[in-house]
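I have placed the structure first, in the form of structure tokens, so that the comments after it can refer back to it.
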Amino acid sequence: MMDDSLRSVPAAPGRLPLLGHVVALGRNPLGFLESLRTVGSIVRIDLGNWPVYMLTTPELVRDALVTQAGSLTRGRIYDRARTLFGNGLATSDGALHLRQRRLLQPAFHQQRIAGYAETMRRHADELVASWAPGQQVAVDQVMHELTLRIVADALFSTDLGRTSVAEVQQHVPIIMKGIAARMITPRRLDGWPIPLNRRFDAASTRLRRIVEELIVARRGAGRGRNDLLSVLLAARDADSGSAMSDAQVCDEVISLLIAGTETPANTLAWTFHALAGHPDVEQRLHAEIDAVVEDRPIGIDTVAGLEYARRILNEVIRLHPPLLFTRRATAQTCIGGLRIPPGTEIAYSPYALHRDPDLYPEPTRFDPDRWLSERAAYLTPRTFNPFGAGHHKCIGDDFAWTEMSIVVATVAHRWRLRLAEGHSVREVVAEVPRPDALPMIVQPRKP
């Protein structure tokens, strides 16, 4: 029975008998999510006969992620993502999540990120050195391959090899599309032998097998490496002194592998797309890079001086953040004056929040200067949280910011990327929206 307090919540338009809002979401998910703010601060959407209460204001989202976090668990998306992620940091909750976060935190200390920066620079240098003037590059694919190589090197202290990279690259888009589909479809459809499910299950199984083989090989090789996998294998719980099982290590590695690839790769692809369409922004970026970098290697110290590059990345990830996150009440709580009983599913969309005109004037306009300190006073963690907030905030956000800054600076120091003729870029719905394809022409900046 619906709680009396929830009866006051307005429903989104377009609800159909039995199907609820599945059709409206399927037709135009990005537009549908953006439209909810015009309905109310809390809006009910029905996925079949299953209600979800969407939070459409930053105040309510912050309330759910931080203030009331103790009464909320991960929710629907994470339940269904466990097919792949198991109980890794990306999907775990409660005492297990806190334990795993403590065990993984040393791997993302600032000193370690400074060490990873050399790995990032080396792979970025190898990429730009492989290009030739006039070459056409599939930038969306190249950025996925690059970020995968970087995170794999940081995880395993080894290059996965072109065969493994190509295989993982093939699986990840299928997995992310499957997770996005499972956000809006009834759970009972997960077991149906439809092509989307078969592809998702096959890709998830194969990715886990690849990671399991790497873990077994590392245990057999013994110690002596200073990478993320070594940190995971050596970690001991402060209370019990116990180590992680191979299954738990596998869950964490997959979480880091996917999280460390999807958001950075898509953000980088959209960044080069934006630069090609805004030559004034590109020119300012080039001037900053020339002044800061000169002829020195681009590393962690360089990143600190690339203030305009950081504003560009902020603006890109504002426009193309994750699509949707969910939470589920584990005890009665209150959000926005609304009584939320246990079991109630709530959700919020960073994509919709970051395009709210009340928060971001002319929200679809690409404007890195909206992040100038004198203009960005109103932009707080309440209104801008592409990596989440509270105790579920992404543990690798500093890794991602460092990586994206080094890659942008390395590419832009040497090359301009221009859009190939004959292709109009579309945004494809996934957990992190991505370009459908991004063919670009490489042009040298300097003789």
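By convention in this document, the chains of the structure tokens carry letters A, B, ... by their order, each chain's residues are numbered from 1, and ligands are numbered from 1 in the order they are shown.
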
Selection: 6 Å around A:Asp227, only C-alpha atoms, excl. self and same-chain fewer than 3 positions, as a PDB file with C-alpha atoms, in the first residue's frame:
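Saved the output as out_32.pdb:
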ATOM      1  CA  ALA A 154      47.892   1.357 -12.939  1.00  0.00           C
ATOM      2  CA  LEU A 155      46.064  -1.795 -11.844  1.00  0.00           C
ATOM      3  CA  PHE A 156      48.440  -4.445 -13.128  1.00  0.00           C
ATOM      4  CA  SER A 157      51.761  -2.678 -13.916  1.00  0.00           C
ATOM      5  CA  SER A 230      49.211  -5.355  -5.291  1.00  0.00           C
TER       6      SER A 230
END

Find the residues of stretch 66-137 of chain A that sit at most 12 Å from stretch 396-419 of chain A; for each, write down the nearest two atoms and how far apart they are in Å, to one decimal. Count only C-alpha atoms. Sort by chain, then by number going up, and give it as a Markdown table.
| residue | atom | partner | partner_atom | distance |
| --- | --- | --- | --- | --- |
| A:Leu89 | CA | A:Gly396 | CA | 10.9 |
| A:Ala90 | CA | A:Gly396 | CA | 11.0 |
| A:Arg101 | CA | A:Gly396 | CA | 11.0 |
| A:Leu104 | CA | A:Gly396 | CA | 9.9 |
| A:Gln105 | CA | A:Gly396 | CA | 9.1 |
| A:Pro106 | CA | A:Gly396 | CA | 11.2 |
| A:Ala107 | CA | A:Gly396 | CA | 9.2 |
| A:Phe108 | CA | A:Gly396 | CA | 6.6 |
| A:His109 | CA | A:Asp398 | CA | 9.1 |
| A:Gln110 | CA | A:Asp398 | CA | 8.2 |
| A:Gln111 | CA | A:Phe399 | CA | 11.1 |
| A:Arg112 | CA | A:Phe399 | CA | 9.4 |
| A:Ile113 | CA | A:Phe399 | CA | 6.1 |
| A:Ala114 | CA | A:Thr402 | CA | 8.8 |
| A:Gly115 | CA | A:Phe399 | CA | 10.5 |
| A:Tyr116 | CA | A:Phe399 | CA | 8.0 |
| A:Ala117 | CA | A:Glu403 | CA | 7.0 |
| A:Glu118 | CA | A:Ile406 | CA | 9.6 |
| A:Thr119 | CA | A:Glu403 | CA | 9.3 |
| A:Met120 | CA | A:Glu403 | CA | 6.1 |
| A:Arg121 | CA | A:Ile406 | CA | 6.4 |
| A:Arg122 | CA | A:Thr410 | CA | 9.9 |
| A:His123 | CA | A:Val407 | CA | 8.9 |
| A:Ala124 | CA | A:Val407 | CA | 5.8 |
| A:Asp125 | CA | A:Thr410 | CA | 6.7 |
| A:Glu126 | CA | A:Thr410 | CA | 10.1 |
| A:Leu127 | CA | A:Val411 | CA | 8.5 |
| A:Val128 | CA | A:Val411 | CA | 6.2 |
| A:Ala129 | CA | A:Arg414 | CA | 9.1 |
| A:Ser130 | CA | A:Val411 | CA | 11.4 |
| A:Trp131 | CA | A:Trp415 | CA | 9.1 |
| A:Ala132 | CA | A:Trp415 | CA | 9.6 |
| A:Pro133 | CA | A:Trp415 | CA | 8.7 |
| A:Gly134 | CA | A:Leu417 | CA | 9.7 |
| A:Gln135 | CA | A:Leu417 | CA | 9.9 |
| A:Gln136 | CA | A:Arg418 | CA | 9.2 |
| A:Val137 | CA | A:Leu417 | CA | 8.9 |

Go ahead and write the residues just picked, N, CA and C atoms, as a compact mmCIF listing (two decimals), in the first residue's frame.
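Contents of result_9.txt, freshly written:
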# COMPACT_ATOMS: atom_id res chain seq x y z
N LEU A 89 33.25 -2.03 -4.83
CA LEU A 89 32.95 -0.72 -4.27
C LEU A 89 31.84 -0.01 -5.03
N ALA A 90 31.68 -0.31 -6.32
CA ALA A 90 30.68 0.36 -7.14
C ALA A 90 29.26 -0.04 -6.77
N ARG A 101 36.07 0.48 1.25
CA ARG A 101 36.56 1.83 0.98
C ARG A 101 37.82 2.12 1.80
N LEU A 104 40.72 0.29 0.16
CA LEU A 104 41.16 0.83 -1.14
C LEU A 104 41.70 2.25 -1.04
N GLN A 105 41.37 3.00 0.00
CA GLN A 105 41.72 4.41 0.07
C GLN A 105 43.22 4.66 -0.10
N PRO A 106 44.11 3.86 0.50
CA PRO A 106 45.54 4.13 0.30
C PRO A 106 45.97 4.10 -1.16
N ALA A 107 45.26 3.35 -2.00
CA ALA A 107 45.63 3.26 -3.41
C ALA A 107 45.39 4.57 -4.15
N PHE A 108 44.61 5.47 -3.54
CA PHE A 108 44.28 6.74 -4.21
C PHE A 108 44.77 7.94 -3.43
N HIS A 109 45.78 7.71 -2.60
CA HIS A 109 46.44 8.81 -1.90
C HIS A 109 47.13 9.70 -2.93
N GLN A 110 47.28 10.98 -2.60
CA GLN A 110 47.87 11.94 -3.54
C GLN A 110 49.25 11.51 -4.01
N GLN A 111 50.04 10.91 -3.13
CA GLN A 111 51.38 10.48 -3.54
C GLN A 111 51.31 9.39 -4.60
N ARG A 112 50.33 8.49 -4.47
CA ARG A 112 50.18 7.44 -5.47
C ARG A 112 49.69 8.01 -6.79
N ILE A 113 48.77 8.97 -6.72
CA ILE A 113 48.27 9.58 -7.96
C ILE A 113 49.41 10.28 -8.70
N ALA A 114 50.31 10.90 -7.94
CA ALA A 114 51.49 11.51 -8.58
C ALA A 114 52.30 10.46 -9.33
N GLY A 115 52.36 9.24 -8.78
CA GLY A 115 53.06 8.16 -9.47
C GLY A 115 52.31 7.69 -10.70
N TYR A 116 50.98 7.60 -10.58
CA TYR A 116 50.17 7.19 -11.74
C TYR A 116 50.28 8.22 -12.86
N ALA A 117 50.55 9.47 -12.51
CA ALA A 117 50.61 10.52 -13.53
C ALA A 117 51.68 10.22 -14.58
N GLU A 118 52.76 9.59 -14.16
CA GLU A 118 53.81 9.23 -15.11
C GLU A 118 53.29 8.18 -16.10
N THR A 119 52.50 7.23 -15.60
CA THR A 119 51.87 6.24 -16.48
C THR A 119 50.93 6.92 -17.46
N MET A 120 50.14 7.87 -16.98
CA MET A 120 49.21 8.60 -17.84
C MET A 120 49.97 9.34 -18.94
N ARG A 121 51.05 10.04 -18.55
CA ARG A 121 51.83 10.81 -19.52
C ARG A 121 52.43 9.90 -20.58
N ARG A 122 52.98 8.77 -20.13
CA ARG A 122 53.65 7.87 -21.07
C ARG A 122 52.69 7.34 -22.13
N HIS A 123 51.50 6.90 -21.69
CA HIS A 123 50.54 6.37 -22.65
C HIS A 123 50.00 7.47 -23.57
N ALA A 124 49.79 8.67 -23.02
CA ALA A 124 49.31 9.78 -23.85
C ALA A 124 50.37 10.17 -24.88
N ASP A 125 51.64 10.19 -24.46
CA ASP A 125 52.74 10.50 -25.40
C ASP A 125 52.81 9.48 -26.52
N GLU A 126 52.66 8.21 -26.17
CA GLU A 126 52.72 7.16 -27.20
C GLU A 126 51.58 7.32 -28.21
N LEU A 127 50.41 7.72 -27.70
CA LEU A 127 49.28 7.91 -28.61
C LEU A 127 49.54 9.04 -29.59
N VAL A 128 49.91 10.23 -29.10
CA VAL A 128 50.06 11.38 -30.01
C VAL A 128 51.25 11.18 -30.94
N ALA A 129 52.23 10.41 -30.51
CA ALA A 129 53.38 10.14 -31.38
C ALA A 129 53.01 9.20 -32.51
N SER A 130 51.93 8.45 -32.37
CA SER A 130 51.53 7.49 -33.39
C SER A 130 50.71 8.12 -34.51
N TRP A 131 50.27 9.37 -34.33
CA TRP A 131 49.42 10.03 -35.32
C TRP A 131 50.27 10.71 -36.40
N ALA A 132 49.65 10.90 -37.55
CA ALA A 132 50.30 11.60 -38.65
C ALA A 132 49.38 12.70 -39.17
N PRO A 133 49.94 13.80 -39.70
CA PRO A 133 49.10 14.88 -40.23
C PRO A 133 48.12 14.36 -41.28
N GLY A 134 46.86 14.79 -41.15
CA GLY A 134 45.83 14.40 -42.10
C GLY A 134 45.17 13.07 -41.80
N GLN A 135 45.66 12.35 -40.80
CA GLN A 135 45.09 11.06 -40.45
C GLN A 135 43.69 11.22 -39.86
N GLN A 136 42.78 10.32 -40.20
CA GLN A 136 41.46 10.31 -39.56
C GLN A 136 41.49 9.33 -38.39
N VAL A 137 41.02 9.82 -37.24
CA VAL A 137 41.07 9.05 -36.00
C VAL A 137 39.66 8.94 -35.44

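The spacing separating atom CA of A:Pro297 from atom CA of A:Ala309 amounts to 16.6 Å.
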
Atom CA of A:Lys393 to atom CA of A:Val316: how many Å, to one decimal?
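Computing the Euclidean distance for atom CA of A:Lys393 and atom CA of A:Val316 yields 19.4 Å.
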
Among stretch 61-157 of chain A, which residues does DSSP mark as strand (DSSP E) when it is run on the backbone? Keep the chain and numbering as in the structure and answer as an NGL selection string.
:A and (72-73 or 136-138)

Selected residues written out, N, CA and C atoms, as a PDB file, in the first residue's frame:
ATOM      1  N   LEU A  72      19.469   5.295   3.600  1.00  0.00           N
ATOM      2  CA  LEU A  72      19.297   4.937   2.196  1.00  0.00           C
ATOM      3  C   LEU A  72      20.408   3.999   1.749  1.00  0.00           C
ATOM      4  N   THR A  73      20.036   2.998   0.987  1.00  0.00           N
ATOM      5  CA  THR A  73      21.009   2.088   0.398  1.00  0.00           C
ATOM      6  C   THR A  73      21.078   2.333  -1.108  1.00  0.00           C
ATOM      7  N   GLN A 136      42.775  10.318 -40.198  1.00  0.00           N
ATOM      8  CA  GLN A 136      41.457  10.305 -39.563  1.00  0.00           C
ATOM      9  C   GLN A 136      41.491   9.333 -38.387  1.00  0.00           C
ATOM     10  N   VAL A 137      41.023   9.817 -37.240  1.00  0.00           N
ATOM     11  CA  VAL A 137      41.067   9.045 -36.000  1.00  0.00           C
ATOM     12  C   VAL A 137      39.662   8.936 -35.436  1.00  0.00           C
ATOM     13  N   ALA A 138      39.270   7.750 -35.014  1.00  0.00           N
ATOM     14  CA  ALA A 138      37.994   7.539 -34.319  1.00  0.00           C
ATOM     15  C   ALA A 138      38.221   7.912 -32.858  1.00  0.00           C
TER      16      ALA A 138
END

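Coordinates place atom CA of A:Leu275 at a distance of 15.4 Å from atom CA of A:Ser424.
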
Using only C-alpha atoms, tabulate the residues of stretch 285-350 of chain A lying at most 12 Å from any atom of stretch 363-371 of chain A, each with its closest atom pair and that distance in Å to one decimal, by chain and increasing residue number, as CSV.
residue,atom,partner,partner_atom,distance
A:Leu285,CA,A:Pro368,CA,10.7
A:Glu307,CA,A:Trp371,CA,10.1
A:Tyr308,CA,A:Pro368,CA,7.7
A:Ala309,CA,A:Pro368,CA,8.8
A:Arg310,CA,A:Pro368,CA,8.8
A:Arg311,CA,A:Pro368,CA,5.2
A:Ile312,CA,A:Pro368,CA,5.0
A:Leu313,CA,A:Pro368,CA,8.1
A:Asn314,CA,A:Pro368,CA,7.4
A:Glu315,CA,A:Pro368,CA,5.5
A:Val316,CA,A:Phe366,CA,7.7
A:Ile317,CA,A:Phe366,CA,10.8
A:Arg318,CA,A:Pro363,CA,9.3
A:Leu319,CA,A:Thr364,CA,7.2
A:His320,CA,A:Thr364,CA,10.5

Those selected residues, please, written with N, CA and C atoms and delivered as a compact mmCIF listing (two decimals), in the first residue's frame.
# COMPACT_ATOMS: atom_id res chain seq x y z
N LEU A 285 43.07 27.64 -24.82
CA LEU A 285 43.68 26.45 -24.23
C LEU A 285 45.11 26.29 -24.73
N GLU A 307 44.76 25.88 -15.39
CA GLU A 307 43.48 26.32 -14.80
C GLU A 307 42.37 26.39 -15.84
N TYR A 308 42.68 26.89 -17.03
CA TYR A 308 41.65 26.98 -18.07
C TYR A 308 41.26 25.59 -18.57
N ALA A 309 42.23 24.68 -18.66
CA ALA A 309 41.91 23.31 -19.06
C ALA A 309 40.94 22.67 -18.07
N ARG A 310 41.12 22.94 -16.78
CA ARG A 310 40.20 22.38 -15.77
C ARG A 310 38.80 22.96 -15.96
N ARG A 311 38.70 24.24 -16.31
CA ARG A 311 37.38 24.84 -16.54
C ARG A 311 36.71 24.19 -17.75
N ILE A 312 37.48 23.90 -18.77
CA ILE A 312 36.92 23.22 -19.95
C ILE A 312 36.38 21.85 -19.56
N LEU A 313 37.16 21.10 -18.80
CA LEU A 313 36.72 19.76 -18.39
C LEU A 313 35.49 19.85 -17.49
N ASN A 314 35.46 20.83 -16.60
CA ASN A 314 34.26 21.03 -15.78
C ASN A 314 33.03 21.22 -16.65
N GLU A 315 33.17 22.05 -17.67
CA GLU A 315 32.02 22.35 -18.52
C GLU A 315 31.61 21.15 -19.36
N VAL A 316 32.58 20.37 -19.83
CA VAL A 316 32.25 19.18 -20.60
C VAL A 316 31.52 18.16 -19.74
N ILE A 317 32.03 17.92 -18.55
CA ILE A 317 31.41 16.89 -17.70
C ILE A 317 30.09 17.40 -17.11
N ARG A 318 29.92 18.70 -17.06
CA ARG A 318 28.59 19.23 -16.71
C ARG A 318 27.57 18.86 -17.77
N LEU A 319 27.95 18.99 -19.02
CA LEU A 319 27.03 18.72 -20.13
C LEU A 319 26.83 17.23 -20.38
N HIS A 320 27.79 16.40 -20.00
CA HIS A 320 27.71 14.96 -20.31
C HIS A 320 28.04 14.11 -19.09

As a PyMOL selection string, please: the residues near A:Ala347 (cut-off 10 Å, only C-alpha atoms, same-chain neighbours under 5 positions excluded).
chain A and resi 42-45+52-56+61+64+74-77+324-328

With distances taken over only C-alpha atoms, which of A:Arg208, A:Arg62, A:Arg434, A:His171 is nearest to A:Arg82?
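With only C-alpha atoms as the atom set, the closest residue is A:Arg208.
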
Just the alpha helix (DSSP H) stuff from stretch 148-358 of chain A, please, per backbone DSSP, written as a ChimeraX atom specification.
/A:148-156,162-184,195-221,228-234,246-277,279-293,300-304,307-319,350-353

Selected residues written out with C-alpha atoms, as a compact mmCIF listing (two decimals), in the first residue's frame:
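Just written: selection21.txt:
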# COMPACT_ATOMS: atom_id res chain seq x y z
CA LEU A 148 41.70 1.43 -20.60
CA ARG A 149 45.45 1.10 -21.12
CA ILE A 150 46.13 3.69 -18.41
CA VAL A 151 43.89 2.12 -15.77
CA ALA A 152 45.09 -1.39 -16.67
CA ASP A 153 48.70 -0.26 -16.30
CA ALA A 154 47.89 1.36 -12.94
CA LEU A 155 46.06 -1.80 -11.84
CA PHE A 156 48.44 -4.44 -13.13
CA ARG A 162 46.23 -5.21 -28.02
CA THR A 163 44.15 -8.39 -28.11
CA SER A 164 42.92 -8.04 -24.52
CA VAL A 165 42.36 -4.28 -24.87
CA ALA A 166 40.32 -4.80 -28.03
CA GLU A 167 38.28 -7.51 -26.31
CA VAL A 168 37.57 -5.42 -23.22
CA GLN A 169 36.73 -2.44 -25.45
CA GLN A 170 34.24 -4.60 -27.28
CA HIS A 171 32.57 -5.75 -24.05
CA VAL A 172 32.32 -2.45 -22.12
CA PRO A 173 29.83 -0.63 -24.42
CA ILE A 174 27.60 -3.73 -24.41
CA ILE A 175 27.73 -3.84 -20.62
CA MET A 176 27.00 -0.13 -20.19
CA LYS A 177 24.10 -0.28 -22.66
CA GLY A 178 22.71 -3.29 -20.81
CA ILE A 179 22.93 -1.53 -17.44
CA ALA A 180 21.21 1.56 -18.91
CA ALA A 181 18.40 -0.63 -20.28
CA ARG A 182 17.94 -2.36 -16.95
CA MET A 183 17.43 1.00 -15.25
CA ILE A 184 14.06 1.42 -16.96
CA PRO A 195 19.48 -10.31 -27.78
CA LEU A 196 20.26 -7.44 -25.36
CA ASN A 197 20.30 -9.80 -22.36
CA ARG A 198 22.33 -12.46 -24.16
CA ARG A 199 24.94 -9.91 -25.21
CA PHE A 200 25.08 -8.39 -21.72
CA ASP A 201 25.46 -11.77 -19.99
CA ALA A 202 28.12 -12.97 -22.43
CA ALA A 203 30.14 -9.73 -22.16
CA SER A 204 29.92 -9.72 -18.34
CA THR A 205 31.02 -13.38 -18.11
CA ARG A 206 33.97 -12.87 -20.45
CA LEU A 207 35.17 -9.69 -18.69
CA ARG A 208 35.11 -11.44 -15.31
CA ARG A 209 37.08 -14.34 -16.76
CA ILE A 210 39.78 -12.00 -18.12
CA VAL A 211 40.16 -10.33 -14.71
CA GLU A 212 40.15 -13.65 -12.81
CA GLU A 213 42.98 -14.90 -15.01
CA LEU A 214 45.02 -11.76 -14.31
CA ILE A 215 44.54 -12.18 -10.54
CA VAL A 216 45.56 -15.83 -10.61
CA ALA A 217 48.65 -14.94 -12.66
CA ARG A 218 49.63 -12.21 -10.19
CA ARG A 219 49.26 -14.48 -7.15
CA GLY A 220 51.45 -17.01 -8.91
CA ALA A 221 54.09 -14.39 -9.70
CA LEU A 228 46.66 -1.16 -7.50
CA LEU A 229 46.30 -4.92 -7.69
CA SER A 230 49.21 -5.35 -5.29
CA VAL A 231 47.51 -2.96 -2.87
CA LEU A 232 44.30 -5.00 -3.05
CA LEU A 233 46.08 -8.33 -2.55
CA ALA A 234 48.13 -7.01 0.37
CA ASP A 246 40.03 -13.61 -4.93
CA ALA A 247 36.32 -13.14 -5.69
CA GLN A 248 36.24 -9.84 -3.79
CA VAL A 249 39.47 -8.68 -5.44
CA CYS A 250 37.90 -9.51 -8.81
CA ASP A 251 34.81 -7.45 -7.93
CA GLU A 252 36.97 -4.46 -6.99
CA VAL A 253 39.18 -4.72 -10.07
CA ILE A 254 36.13 -4.79 -12.38
CA SER A 255 34.65 -1.79 -10.56
CA LEU A 256 37.90 0.15 -11.00
CA LEU A 257 38.34 -1.00 -14.60
CA ILE A 258 34.86 0.12 -15.70
CA ALA A 259 34.72 3.31 -13.62
CA GLY A 260 38.25 4.21 -14.67
CA THR A 261 37.39 3.89 -18.34
CA GLU A 262 33.85 5.05 -19.03
CA THR A 263 33.65 8.53 -17.52
CA PRO A 264 37.19 9.68 -18.44
CA ALA A 265 36.98 8.27 -21.99
CA ASN A 266 33.61 9.83 -22.77
CA THR A 267 34.57 13.14 -21.16
CA LEU A 268 37.76 13.28 -23.24
CA ALA A 269 35.88 12.45 -26.45
CA TRP A 270 33.31 15.19 -25.77
CA THR A 271 36.15 17.60 -24.89
CA PHE A 272 37.82 17.26 -28.28
CA HIS A 273 34.41 17.51 -29.95
CA ALA A 274 33.74 20.77 -28.04
CA LEU A 275 37.18 22.22 -28.85
CA ALA A 276 36.67 21.57 -32.56
CA GLY A 277 33.38 23.47 -32.44
CA PRO A 279 37.97 27.66 -31.90
CA ASP A 280 38.12 30.60 -29.48
CA VAL A 281 38.16 28.19 -26.54
CA GLU A 282 40.74 26.01 -28.27
CA GLN A 283 42.98 29.01 -28.93
CA ARG A 284 42.90 30.03 -25.24
CA LEU A 285 43.68 26.45 -24.23
CA HIS A 286 46.66 26.32 -26.59
CA ALA A 287 47.99 29.61 -25.20
CA GLU A 288 47.75 28.29 -21.64
CA ILE A 289 49.44 25.00 -22.51
CA ASP A 290 52.28 26.74 -24.35
CA ALA A 291 52.86 29.07 -21.40
CA VAL A 292 52.69 26.39 -18.70
CA VAL A 293 54.21 23.38 -20.43
CA ILE A 300 51.38 16.20 -12.03
CA ASP A 301 53.08 19.58 -11.52
CA THR A 302 51.98 20.75 -14.94
CA VAL A 303 48.35 19.89 -14.24
CA ALA A 304 48.23 22.31 -11.31
CA GLU A 307 43.48 26.32 -14.80
CA TYR A 308 41.65 26.98 -18.07
CA ALA A 309 41.91 23.31 -19.06
CA ARG A 310 40.20 22.38 -15.77
CA ARG A 311 37.38 24.84 -16.54
CA ILE A 312 36.92 23.22 -19.95
CA LEU A 313 36.72 19.76 -18.39
CA ASN A 314 34.26 21.03 -15.78
CA GLU A 315 32.02 22.35 -18.52
CA VAL A 316 32.25 19.18 -20.60
CA ILE A 317 31.41 16.89 -17.70
CA ARG A 318 28.59 19.23 -16.71
CA LEU A 319 27.03 18.72 -20.13
CA PRO A 350 23.03 14.37 -12.72
CA TYR A 351 22.38 14.88 -16.45
CA ALA A 352 19.10 16.71 -15.77
CA LEU A 353 20.45 18.66 -12.79

Give the answer as one residue: which of A:Arg382, A:His278, A:Arg355, A:His97 has the shortest atom-to-atom distance to A:Leu30, using only C-alpha atoms?
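Ranked by minimum distance to A:Leu30, first place goes to A:Arg355.
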